[in-house]
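Source file: final.cif. Holds: mmCIF, C-alpha atoms and all ligand atoms.
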```
data_structure
#
loop_
_atom_site.label_atom_id
_atom_site.label_comp_id
_atom_site.auth_asym_id
_atom_site.auth_seq_id
_atom_site.Cartn_x
_atom_site.Cartn_y
_atom_site.Cartn_z
CA MET A 1 303.95 151.50 52.54
CA GLY A 2 302.23 154.86 52.82
CA PHE A 3 301.73 156.93 55.94
CA LYS A 4 299.41 156.47 58.88
CA LEU A 5 297.61 159.75 59.62
CA ALA A 6 295.40 160.91 62.46
CA VAL A 7 293.07 163.91 62.10
CA VAL A 8 292.22 165.37 65.51
CA GLY A 9 289.11 167.59 65.63
CA ALA A 10 287.80 165.74 62.57
CA THR A 11 284.17 166.72 63.15
CA GLY A 12 284.98 170.46 63.16
CA ASN A 13 285.21 173.04 60.39
CA VAL A 14 288.96 172.71 59.98
CA GLY A 15 289.08 168.94 60.53
CA ARG A 16 286.50 168.25 57.83
CA GLU A 17 288.35 170.53 55.41
CA ILE A 18 291.60 168.69 56.22
CA LEU A 19 289.97 165.39 55.25
CA THR A 20 288.70 166.89 51.98
CA THR A 21 292.12 168.37 51.19
CA LEU A 22 293.99 165.13 51.93
CA CYS A 23 291.67 163.35 49.56
CA GLU A 24 291.77 165.95 46.79
CA ARG A 25 295.57 166.08 46.86
CA GLN A 26 295.87 162.29 47.08
CA PHE A 27 298.12 162.36 50.12
CA PRO A 28 299.96 159.03 50.23
CA ALA A 29 298.16 157.60 53.26
CA ASP A 30 297.55 153.93 53.94
CA GLU A 31 295.38 154.66 56.92
CA VAL A 32 293.55 157.72 58.24
CA VAL A 33 292.03 157.72 61.74
CA VAL A 34 289.61 160.44 62.79
CA LEU A 35 289.47 161.64 66.39
CA ALA A 36 287.25 164.06 68.32
CA SER A 37 285.73 164.41 71.77
CA SER A 38 284.07 161.43 73.43
CA ALA A 39 280.68 162.98 72.56
CA SER A 40 281.36 162.25 68.87
CA VAL A 41 282.51 158.64 69.17
CA GLY A 42 280.86 156.49 66.50
CA ARG A 43 279.87 159.48 64.36
CA GLU A 44 280.74 159.21 60.69
CA VAL A 45 282.67 161.81 58.73
CA SER A 46 283.11 161.88 54.96
CA PHE A 47 286.46 161.19 53.38
CA GLY A 48 286.15 162.14 49.73
CA GLU A 49 283.18 161.19 47.60
CA ASP A 50 282.89 157.55 48.57
CA ASP A 51 284.47 156.92 51.95
CA VAL A 52 283.14 157.42 55.43
CA LEU A 53 285.32 157.21 58.53
CA ARG A 54 284.11 156.48 62.06
CA VAL A 55 285.18 158.85 64.83
CA GLN A 56 287.22 157.56 67.77
CA ALA A 57 287.87 159.28 71.11
CA LEU A 58 291.02 161.39 71.34
CA ASP A 59 291.30 160.86 75.12
CA THR A 60 291.96 157.14 74.92
CA PHE A 61 293.62 156.90 71.49
CA ASP A 62 297.13 155.38 71.36
CA PHE A 63 299.28 157.31 68.83
CA LYS A 64 301.89 154.54 68.53
CA GLY A 65 302.43 153.82 64.83
CA VAL A 66 300.91 157.12 63.66
CA ASP A 67 303.32 159.07 61.42
CA ILE A 68 301.57 162.44 61.13
CA VAL A 69 298.80 164.08 63.15
CA LEU A 70 296.83 166.99 61.66
CA SER A 71 295.07 168.64 64.57
CA SER A 72 292.49 171.36 65.26
CA PRO A 73 290.69 170.54 68.52
CA GLY A 74 291.25 173.95 70.20
CA SER A 75 294.25 175.20 72.12
CA LYS A 76 293.56 173.67 75.51
CA VAL A 77 293.07 170.21 74.03
CA SER A 78 296.20 170.47 71.86
CA ALA A 79 298.27 171.49 74.91
CA VAL A 80 297.52 168.12 76.47
CA PHE A 81 297.35 165.68 73.57
CA ALA A 82 300.10 167.00 71.20
CA PRO A 83 303.07 166.24 73.52
CA ARG A 84 301.54 162.80 74.17
CA ALA A 85 301.28 162.11 70.43
CA ALA A 86 304.80 163.42 69.79
CA LYS A 87 306.15 161.22 72.59
CA ALA A 88 304.57 158.21 70.90
CA GLY A 89 306.57 159.06 67.74
CA ALA A 90 304.09 161.05 65.62
CA VAL A 91 304.79 164.50 64.16
CA VAL A 92 301.92 166.83 65.07
CA ILE A 93 300.92 169.66 62.70
CA ASP A 94 298.75 171.77 64.96
CA ASN A 95 296.26 174.42 63.81
CA THR A 96 295.62 175.94 67.22
CA SER A 97 297.45 178.89 68.77
CA CYS A 98 298.90 176.67 71.52
CA PHE A 99 302.51 176.23 70.31
CA ARG A 100 302.90 178.93 67.64
CA MET A 101 305.18 181.27 69.53
CA GLU A 102 307.27 178.64 71.31
CA PRO A 103 310.84 179.14 70.08
CA ASP A 104 311.50 175.43 69.53
CA VAL A 105 308.32 174.88 67.48
CA PRO A 106 308.46 175.88 63.79
CA LEU A 107 305.65 178.13 62.54
CA VAL A 108 305.30 177.45 58.84
CA VAL A 109 303.72 178.77 55.67
CA PRO A 110 305.19 176.64 52.86
CA GLU A 111 305.29 179.51 50.33
CA VAL A 112 307.26 181.64 52.81
CA ASN A 113 309.50 179.59 55.15
CA PRO A 114 309.40 175.89 54.16
CA GLN A 115 312.96 175.47 55.47
CA ALA A 116 311.62 175.91 59.02
CA ILE A 117 309.88 172.50 58.82
CA ALA A 118 313.21 170.80 59.61
CA GLY A 119 312.88 172.22 63.14
CA TYR A 120 310.11 169.70 63.91
CA ARG A 121 312.72 167.36 65.37
CA LYS A 122 313.05 169.32 68.61
CA ARG A 123 309.49 168.83 69.88
CA GLY A 124 307.78 166.67 67.26
CA ILE A 125 305.36 169.57 66.71
CA ILE A 126 304.89 172.04 63.83
CA ALA A 127 302.49 174.96 64.26
CA ASN A 128 300.13 176.20 61.55
CA PRO A 129 299.74 179.99 61.83
CA ASN A 130 296.56 181.96 62.39
CA CYS A 131 294.31 182.11 59.31
CA SER A 132 294.65 185.91 58.95
CA THR A 133 298.43 185.73 59.22
CA ILE A 134 298.76 182.97 56.61
CA GLN A 135 297.01 184.81 53.78
CA MET A 136 298.78 188.07 54.59
CA VAL A 137 302.33 186.64 54.63
CA VAL A 138 301.75 184.72 51.39
CA ALA A 139 301.01 188.10 49.75
CA LEU A 140 303.76 190.00 51.58
CA LYS A 141 306.67 187.61 50.93
CA PRO A 142 307.16 188.41 47.21
CA LEU A 143 306.93 192.15 47.95
CA HIS A 144 309.40 191.86 50.83
CA ASP A 145 311.85 190.18 48.46
CA VAL A 146 311.62 193.16 46.08
CA ALA A 147 311.73 196.18 48.38
CA GLN A 148 312.01 195.04 52.05
CA ILE A 149 308.94 195.73 54.15
CA LYS A 150 309.29 198.10 57.11
CA ARG A 151 305.75 198.36 58.40
CA VAL A 152 302.32 196.88 57.76
CA VAL A 153 298.95 198.33 58.78
CA VAL A 154 296.12 195.87 58.27
CA ALA A 155 292.37 195.80 58.90
CA THR A 156 290.73 192.39 58.61
CA TYR A 157 287.21 191.37 57.61
CA GLN A 158 287.02 187.85 59.06
CA SER A 159 284.23 185.36 58.41
CA VAL A 160 282.42 183.54 61.20
CA SER A 161 283.76 180.11 60.14
CA GLY A 162 287.05 181.26 61.68
CA ALA A 163 285.32 180.88 65.05
CA GLY A 164 284.09 177.33 64.43
CA ARG A 165 280.84 175.57 63.62
CA ALA A 166 278.91 177.15 66.49
CA ALA A 167 279.65 180.67 65.20
CA MET A 168 278.36 179.77 61.73
CA ASP A 169 275.14 178.50 63.28
CA GLU A 170 274.89 181.74 65.27
CA LEU A 171 275.11 183.91 62.14
CA PHE A 172 272.48 181.76 60.43
CA ASN A 173 270.10 181.80 63.42
CA GLN A 174 270.51 185.52 64.09
CA THR A 175 269.92 186.38 60.44
CA ARG A 176 266.68 184.39 60.50
CA ALA A 177 265.73 186.01 63.83
CA VAL A 178 266.12 189.49 62.31
CA TYR A 179 263.75 188.60 59.47
CA VAL A 180 261.05 187.14 61.72
CA ASN A 181 261.51 189.78 64.41
CA ASP A 182 262.68 187.36 67.12
CA PRO A 183 264.92 188.63 69.92
CA ILE A 184 268.68 188.27 69.26
CA LYS A 185 270.79 186.70 71.97
CA PRO A 186 274.56 186.53 71.28
CA GLU A 187 275.95 183.19 72.48
CA HIS A 188 279.39 182.55 70.99
CA MET A 189 279.88 186.06 69.57
CA THR A 190 280.28 189.00 71.96
CA LYS A 191 277.59 191.04 70.17
CA GLN A 192 275.03 190.64 67.40
CA ILE A 193 276.86 189.44 64.27
CA ALA A 194 273.93 189.39 61.80
CA PHE A 195 273.87 192.68 59.86
CA ASN A 196 276.72 193.98 62.05
CA VAL A 197 280.53 193.96 62.39
CA ILE A 198 282.46 193.26 65.60
CA PRO A 199 285.97 194.70 66.22
CA HIS A 200 286.80 192.03 68.77
CA ILE A 201 288.34 188.61 68.01
CA ASP A 202 289.85 186.58 70.85
CA ILE A 203 290.55 188.18 74.24
CA PHE A 204 291.68 191.73 75.07
CA MET A 205 295.33 192.15 76.06
CA ASP A 206 296.82 194.65 78.53
CA ASP A 207 297.73 197.18 75.81
CA GLY A 208 294.17 197.29 74.42
CA ALA A 209 294.89 195.12 71.37
CA THR A 210 293.00 191.85 70.97
CA LYS A 211 294.92 188.59 70.95
CA GLU A 212 294.03 188.07 67.28
CA GLU A 213 295.72 191.42 66.48
CA TRP A 214 298.75 190.46 68.58
CA LYS A 215 298.94 187.09 66.77
CA MET A 216 299.07 188.80 63.37
CA ALA A 217 302.03 190.91 64.50
CA VAL A 218 304.15 188.32 66.30
CA GLU A 219 303.44 185.51 63.84
CA THR A 220 304.33 187.68 60.83
CA ARG A 221 307.64 188.50 62.46
CA LYS A 222 308.37 184.85 63.31
CA ILE A 223 307.54 183.63 59.79
CA LEU A 224 308.72 186.45 57.53
CA ASP A 225 311.12 188.87 59.25
CA PRO A 226 311.59 189.90 62.90
CA ASP A 227 312.12 193.54 61.87
CA ILE A 228 308.68 194.14 60.34
CA ALA A 229 306.34 196.34 62.43
CA VAL A 230 302.67 195.31 62.21
CA SER A 231 299.59 197.19 63.37
CA ALA A 232 296.39 195.15 63.01
CA THR A 233 292.69 195.74 63.63
CA CYS A 234 290.77 192.47 63.43
CA VAL A 235 287.05 192.55 62.74
CA ARG A 236 284.44 189.77 62.51
CA VAL A 237 281.95 190.30 59.69
CA PRO A 238 278.69 188.50 58.78
CA VAL A 239 280.26 186.31 56.08
CA PHE A 240 280.24 182.50 56.39
CA ILE A 241 283.55 181.62 54.70
CA GLY A 242 286.50 183.73 53.48
CA HIS A 243 288.61 186.39 55.14
CA ALA A 244 289.47 189.73 53.50
CA GLU A 245 292.22 192.14 54.51
CA ALA A 246 292.91 195.76 53.61
CA VAL A 247 296.71 195.98 53.87
CA ASN A 248 298.94 199.07 53.76
CA VAL A 249 302.60 198.23 53.31
CA GLU A 250 305.53 200.58 53.81
CA PHE A 251 308.84 199.60 52.22
CA GLU A 252 312.51 200.51 52.78
CA ARG A 253 313.09 200.88 49.03
CA PRO A 254 311.00 202.14 46.11
CA ILE A 255 308.55 199.72 44.48
CA THR A 256 306.10 200.51 41.70
CA GLU A 257 302.62 199.07 41.29
CA ASP A 258 303.83 197.19 38.22
CA GLN A 259 306.82 195.69 40.03
CA ALA A 260 304.48 194.56 42.80
CA ARG A 261 301.99 193.07 40.33
CA ARG A 262 304.77 191.20 38.54
CA ALA A 263 306.26 189.84 41.77
CA LEU A 264 302.84 188.73 43.00
CA ARG A 265 301.95 187.12 39.65
CA ASN A 266 305.12 185.02 39.83
CA ALA A 267 304.64 184.06 43.49
CA PRO A 268 303.50 180.56 44.50
CA GLY A 269 299.99 180.38 45.92
CA VAL A 270 299.00 183.89 44.77
CA VAL A 271 296.50 184.89 42.08
CA VAL A 272 296.36 188.56 41.10
CA VAL A 273 292.94 189.83 40.01
CA ASP A 274 293.40 193.55 39.64
CA HIS A 275 291.41 195.49 37.06
CA ARG A 276 289.93 198.85 37.85
CA ALA A 277 286.47 197.70 36.91
CA ASP A 278 283.37 196.24 38.57
CA GLU A 279 284.54 192.65 38.21
CA GLY A 280 288.24 193.44 38.72
CA TYR A 281 288.72 192.33 42.35
CA VAL A 282 287.96 189.26 44.44
CA THR A 283 285.54 189.04 47.38
CA PRO A 284 285.28 186.35 50.09
CA ALA A 285 282.20 184.77 48.48
CA GLU A 286 284.26 184.15 45.34
CA ALA A 287 287.29 182.83 47.28
CA ALA A 288 285.28 180.29 49.33
CA GLY A 289 286.24 176.75 48.34
CA GLU A 290 289.34 177.95 46.46
CA ASP A 291 293.02 177.38 47.26
CA PRO A 292 294.82 180.61 46.24
CA VAL A 293 295.42 183.82 48.10
CA TYR A 294 293.86 186.49 45.86
CA VAL A 295 295.41 189.96 45.67
CA SER A 296 293.41 192.87 44.22
CA ARG A 297 293.26 196.68 44.41
CA ILE A 298 297.07 197.08 44.16
CA ARG A 299 297.82 200.81 44.31
CA ARG A 300 300.31 203.33 45.60
CA ASP A 301 299.87 204.52 49.17
CA PRO A 302 300.74 208.21 48.82
CA SER A 303 300.88 208.79 52.60
CA VAL A 304 304.43 207.33 52.92
CA PRO A 305 307.55 207.60 50.68
CA HIS A 306 307.46 203.95 49.53
CA GLY A 307 304.01 202.50 50.12
CA LEU A 308 301.42 200.20 48.55
CA SER A 309 297.83 199.33 49.45
CA LEU A 310 296.40 195.87 48.72
CA TRP A 311 293.20 193.88 49.16
CA VAL A 312 293.96 190.26 50.12
CA VAL A 313 291.30 187.53 50.19
CA ALA A 314 291.44 183.77 50.88
CA ASP A 315 289.32 180.88 52.12
CA ASN A 316 290.19 180.77 55.83
CA LEU A 317 289.33 177.09 56.14
CA ARG A 318 291.51 176.09 53.17
CA LYS A 319 294.69 178.21 52.82
CA GLY A 320 294.01 179.70 56.27
CA ALA A 321 294.00 176.28 57.91
CA ALA A 322 293.56 172.88 56.19
CA LEU A 323 295.47 173.43 52.95
CA ASN A 324 298.43 175.03 54.71
CA ALA A 325 298.58 172.11 57.16
CA VAL A 326 298.37 169.51 54.38
CA GLN A 327 301.08 171.32 52.37
CA ILE A 328 303.31 171.11 55.47
CA ALA A 329 302.49 167.41 55.77
CA GLU A 330 303.42 166.87 52.11
CA ILE A 331 306.86 168.46 52.56
CA LEU A 332 307.39 166.66 55.85
CA ALA A 333 306.49 163.34 54.27
CA ALA A 334 308.54 163.83 51.11
CA GLU A 335 311.63 165.46 52.56
CA HIS A 336 311.87 164.35 56.17
CA LEU A 337 309.97 161.10 56.72
CA GLY A 338 311.31 159.42 53.57
CA GLY A 339 311.24 155.69 53.11
CA LYS A 340 307.48 155.45 53.41
CA ARG A 341 306.96 157.77 50.46
CA ARG A 342 304.52 156.57 47.86
CA ALA A 343 302.33 158.69 45.64
CA ALA A 344 299.30 156.45 45.63
CA PRO A 345 295.68 157.22 46.44
CA PRO A 346 294.78 156.39 50.03
CA ARG A 347 293.59 152.91 50.94
CA LEU A 348 291.39 152.99 53.97
CA GLU A 349 290.02 149.54 54.52
CA ALA A 350 291.33 149.35 58.07
CA VAL A 351 289.35 152.30 59.32
CA ARG A 352 286.44 152.66 56.93
CA ALA A 353 283.09 152.55 58.67
CA LYS A 354 281.24 149.35 57.92
N1 LIG A 401 288.34 177.97 61.39
C1 LIG A 401 289.46 178.58 61.02
O1 LIG A 401 289.50 179.41 60.08
C2 LIG A 401 290.71 178.27 61.73
C3 LIG A 401 291.89 178.60 61.12
C4 LIG A 401 293.07 178.32 61.76
C5 LIG A 401 293.03 177.70 62.99
N2 LIG A 401 291.85 177.38 63.59
C6 LIG A 401 291.89 176.74 64.90
O2 LIG A 401 291.51 175.37 64.79
C7 LIG A 401 290.80 174.97 65.96
C8 LIG A 401 289.46 174.37 65.57
O3 LIG A 401 288.72 175.27 64.78
P1 LIG A 401 287.36 174.82 64.07
O4 LIG A 401 286.93 176.01 63.33
O5 LIG A 401 287.52 173.52 63.34
O6 LIG A 401 286.40 174.56 65.36
P2 LIG A 401 285.07 173.68 65.46
O7 LIG A 401 284.35 173.66 64.18
O8 LIG A 401 284.38 174.19 66.67
O9 LIG A 401 285.61 172.18 65.75
C9 LIG A 401 286.28 171.83 66.92
C10 LIG A 401 286.77 170.39 66.82
O10 LIG A 401 287.53 170.07 68.01
C11 LIG A 401 286.98 168.91 68.61
N3 LIG A 401 287.10 168.94 70.07
C12 LIG A 401 286.62 169.85 70.91
N4 LIG A 401 286.91 169.50 72.20
C13 LIG A 401 287.58 168.33 72.12
C14 LIG A 401 288.15 167.44 73.09
N5 LIG A 401 288.07 167.69 74.41
N6 LIG A 401 288.77 166.32 72.65
C15 LIG A 401 288.85 166.06 71.32
N7 LIG A 401 288.34 166.85 70.36
C16 LIG A 401 287.71 167.97 70.76
C17 LIG A 401 285.51 168.93 68.21
O11 LIG A 401 284.98 167.65 68.38
P3 LIG A 401 283.42 167.41 68.82
O12 LIG A 401 282.63 167.55 67.56
O13 LIG A 401 283.44 166.02 69.35
O14 LIG A 401 283.10 168.44 69.85
C18 LIG A 401 285.63 169.38 66.77
O15 LIG A 401 286.01 168.28 65.97
C19 LIG A 401 290.71 176.21 66.85
O16 LIG A 401 291.77 176.19 67.77
C20 LIG A 401 290.89 177.35 65.89
O17 LIG A 401 291.43 178.49 66.47
C21 LIG A 401 290.70 177.63 62.97
#
```
Can you present the structure in this file as structure tokens?
Amino acid sequence: MGFKLAVVGATGNVGREILTTLCERQFPADEVVVLASSASVGREVSFGEDDVLRVQALDTFDFKGVDIVLSSPGSKVSAVFAPRAAKAGAVVIDNTSCFRMEPDVPLVVPEVNPQAIAGYRKRGIIANPNCSTIQMVVALKPLHDVAQIKRVVVATYQSVSGAGRAAMDELFNQTRAVYVNDPIKPEHMTKQIAFNVIPHIDIFMDDGATKEEWKMAVETRKILDPDIAVSATCVRVPVFIGHAEAVNVEFERPITEDQARRALRNAPGVVVVDHRADEGYVTPAEAAGEDPVYVSRIRRDPSVPHGLSLWVVADNLRKGAALNAVQIAEILAAEHLGGKRRAAPPRLEAVRAK
């Protein structure tokens, strides 16, 4: 027997990428059910090249018998459904910000703290970190192991797909409007995003930071090391897929560029592309659709005694969301939900749309 999976938010950006990733990595599933809001009931979503699954309503779905839920329906929806699914016996791997900072919910990036997955037993929930945090900690972990990170200053360049399907449509429509001289009316974004950049992601907090910036700081500490200070500025840019980050890292101990390059080259999930030439660094357009976290522009930061500057790029829908969640599911299945383990391609007769 393989596993029974449910994908919640299956019609969204992250949900569709989760389905693709499960298929590509041949997750040992016997059955995959796809759930979304009642407005999407009966819609079909692709599962790999040949299969199509029919969407069911999350509200009325009974999670009994489901082993693993991969979810991305937004925070408010997860707050209500995830405890219900966990109570029915499923383990929920949630992509929203709802449970990330709860002390009894593990927050996991498999390349950094896979051991934390065992903590799922307390609540039946595992949180997937914010997309910007994930790619940054994958790049920081090997450097932390070499020279112990004290402080990180990061500026992000985040694509609109990080804000969902509606934001992608908004960039497309505004770009067209600029060309045909139509008026621009921001709907999901706070300001014009076409041909512009917006230093405002998620809500403002009392100290003037945005919640996205706060998430990068507290999540990095929860995943990597509670003693690391993080100062983030998060910016939305007119890119469809792929987040970039300019990261300045200050270390306790000396570390050379070559030591950093070597550590990063040997690190799981990281690809170093770092030549001081026109083609010697990676941009979001090149990272879209790819699994690795790319690190480029590795150089000394001369403004502190032991410092490095890096350029970190990844596909926010893959490593920043779906791939990270599926990697967690793989470890959970293999190491914690044993007995149903079977490395076979999924069979989906039970749920395939007729
Ligand atoms: N995009 C990223 O890079 C990224 C990365 C990490 C985490 N996340 C988080 O993942 C979540 C989803 O992001 P997304 O980009 O996939 O958004 P999206 O494209 O807007 O998709 C939202 C999904 O949630 C479903 N949904 C909305 N309300 C629902 C309800 N009441 N009941 C059941 N399903 C409901 C939608 O279903 P309908 O089609 O039926 O409305 C859709 O499937 C957000 O919390 C986001 O912060 C996103």
Exercise for review: Taking only C-alpha atoms and all ligand atoms into account, report as number ranges by chain which residues have an atom no farther than 8 Å from an atom of ligand LIG 401 (chain A).
Suggested key: A: 8-16, 35-41, 57-59, 71-75, 77, 95-97, 128-131, 161-166, 316-318, 320-322
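Nearest to Gln158 (chain A) of all the residues A:Val304, A:Ile203, A:Val313, A:Val33 is A:Val313, counting all atoms listed in the file.
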**Study point:** Which of A:Ile201, A:Ala288, A:Leu308, A:Gly242 sits closest to Gln259 (chain A) [using all atoms listed in the file]
**Key:** A:Leu308
**Study point:** Closest of A:Gly208, A:Arg221, A:Glu290, A:Leu332 to Thr133 (chain A) - atom-to-atom distances counting all atoms listed in the file
**Key:** A:Arg221
**Study point:** Shell of 9 Å around Leu323 (chain A), all atoms listed in the file, local chain residues under 2 positions omitted, as a PyMOL selection string
**Key:** chain A and resi 17-18+21-22+291+317-321+325-328
Review point. CA of Arg297 (chain A) to CA of Ala229 (chain A): how many Å, to one decimal?
Key: 22.3 Å
Exercise for review: Please provide as an NGL selection string all residues within 7 Å of region 236-240 of chain A, with the sequence filter that same-chain residues fewer than 3 positions apart are discarded (counting only C-alpha atoms).
Suggested key: :A and (157-161 or 168 or 171 or 193-199 or 201)
Point to revise | Within-9 Å shell of (285.3, 191.8, 47.1) in input frame, all atoms listed in the file, as a list in words | key: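 Returned residue set, sorted by chain then number, is Ala244, Glu279, Tyr281, Val282, Thr283, Pro284, Ala285, Glu286, Ser296, Trp311 and Val313 of chain A.
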Exercise for review: Just give me the gap between CA of Lys64 (chain A) and CA of Ala79 (chain A) in Å, one decimal is fine.
Suggested key: 18.5 Å
N, CA, C and O atoms are needed for region 89-107 of chain A; please write them out as a short mmCIF file (atom, residue, chain, number, x, y, z; two decimals), keeping the file's coordinate frame.
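As a result, part-v8.cif now contains:
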```
data_model
loop_
_atom_site.label_atom_id
_atom_site.label_comp_id
_atom_site.auth_asym_id
_atom_site.auth_seq_id
_atom_site.Cartn_x
_atom_site.Cartn_y
_atom_site.Cartn_z
N GLY A 89 305.83 159.16 69.00
CA GLY A 89 306.57 159.06 67.74
C GLY A 89 305.94 159.75 66.55
O GLY A 89 306.49 159.75 65.45
N ALA A 90 304.75 160.36 66.74
CA ALA A 90 304.09 161.05 65.62
C ALA A 90 304.63 162.48 65.51
O ALA A 90 305.14 163.04 66.48
N VAL A 91 304.52 163.07 64.31
CA VAL A 91 304.79 164.50 64.16
C VAL A 91 303.43 165.19 64.09
O VAL A 91 302.59 164.84 63.25
N VAL A 92 303.22 166.15 64.99
CA VAL A 92 301.92 166.83 65.07
C VAL A 92 301.98 168.16 64.33
O VAL A 92 302.85 168.99 64.60
N ILE A 93 301.07 168.36 63.39
CA ILE A 93 300.92 169.66 62.70
C ILE A 93 299.65 170.27 63.29
O ILE A 93 298.54 169.81 63.02
N ASP A 94 299.85 171.28 64.14
CA ASP A 94 298.75 171.77 64.96
C ASP A 94 298.23 173.12 64.48
O ASP A 94 298.99 174.06 64.29
N ASN A 95 296.91 173.20 64.30
CA ASN A 95 296.26 174.42 63.81
C ASN A 95 295.92 175.42 64.91
O ASN A 95 295.50 176.52 64.60
N THR A 96 296.04 175.03 66.15
CA THR A 96 295.62 175.94 67.22
C THR A 96 296.75 176.92 67.55
O THR A 96 297.87 176.78 67.08
N SER A 97 296.43 177.89 68.42
CA SER A 97 297.45 178.89 68.77
C SER A 97 298.40 178.38 69.86
O SER A 97 299.32 179.10 70.26
N CYS A 98 298.20 177.16 70.33
CA CYS A 98 298.90 176.67 71.52
C CYS A 98 300.43 176.77 71.46
O CYS A 98 301.06 177.22 72.40
N PHE A 99 301.04 176.34 70.35
CA PHE A 99 302.51 176.23 70.31
C PHE A 99 303.17 177.25 69.38
O PHE A 99 304.39 177.24 69.22
N ARG A 100 302.37 178.11 68.74
CA ARG A 100 302.90 178.93 67.64
C ARG A 100 304.11 179.76 68.01
O ARG A 100 305.03 179.92 67.21
N MET A 101 304.09 180.34 69.20
CA MET A 101 305.18 181.27 69.53
C MET A 101 306.25 180.61 70.39
O MET A 101 307.15 181.28 70.87
N GLU A 102 306.20 179.30 70.56
CA GLU A 102 307.27 178.64 71.31
C GLU A 102 308.50 178.57 70.41
O GLU A 102 308.42 178.17 69.25
N PRO A 103 309.66 179.00 70.94
CA PRO A 103 310.84 179.14 70.08
C PRO A 103 311.30 177.82 69.44
O PRO A 103 311.87 177.84 68.35
N ASP A 104 311.03 176.70 70.10
CA ASP A 104 311.50 175.43 69.53
C ASP A 104 310.41 174.71 68.72
O ASP A 104 310.52 173.52 68.44
N VAL A 105 309.36 175.44 68.36
CA VAL A 105 308.32 174.88 67.48
C VAL A 105 308.29 175.72 66.20
O VAL A 105 308.06 176.93 66.25
N PRO A 106 308.52 175.10 65.04
CA PRO A 106 308.46 175.88 63.79
C PRO A 106 307.03 176.33 63.48
O PRO A 106 306.07 175.60 63.73
N LEU A 107 306.93 177.55 62.95
CA LEU A 107 305.65 178.13 62.54
C LEU A 107 305.77 178.33 61.03
O LEU A 107 306.59 179.13 60.58
#
```
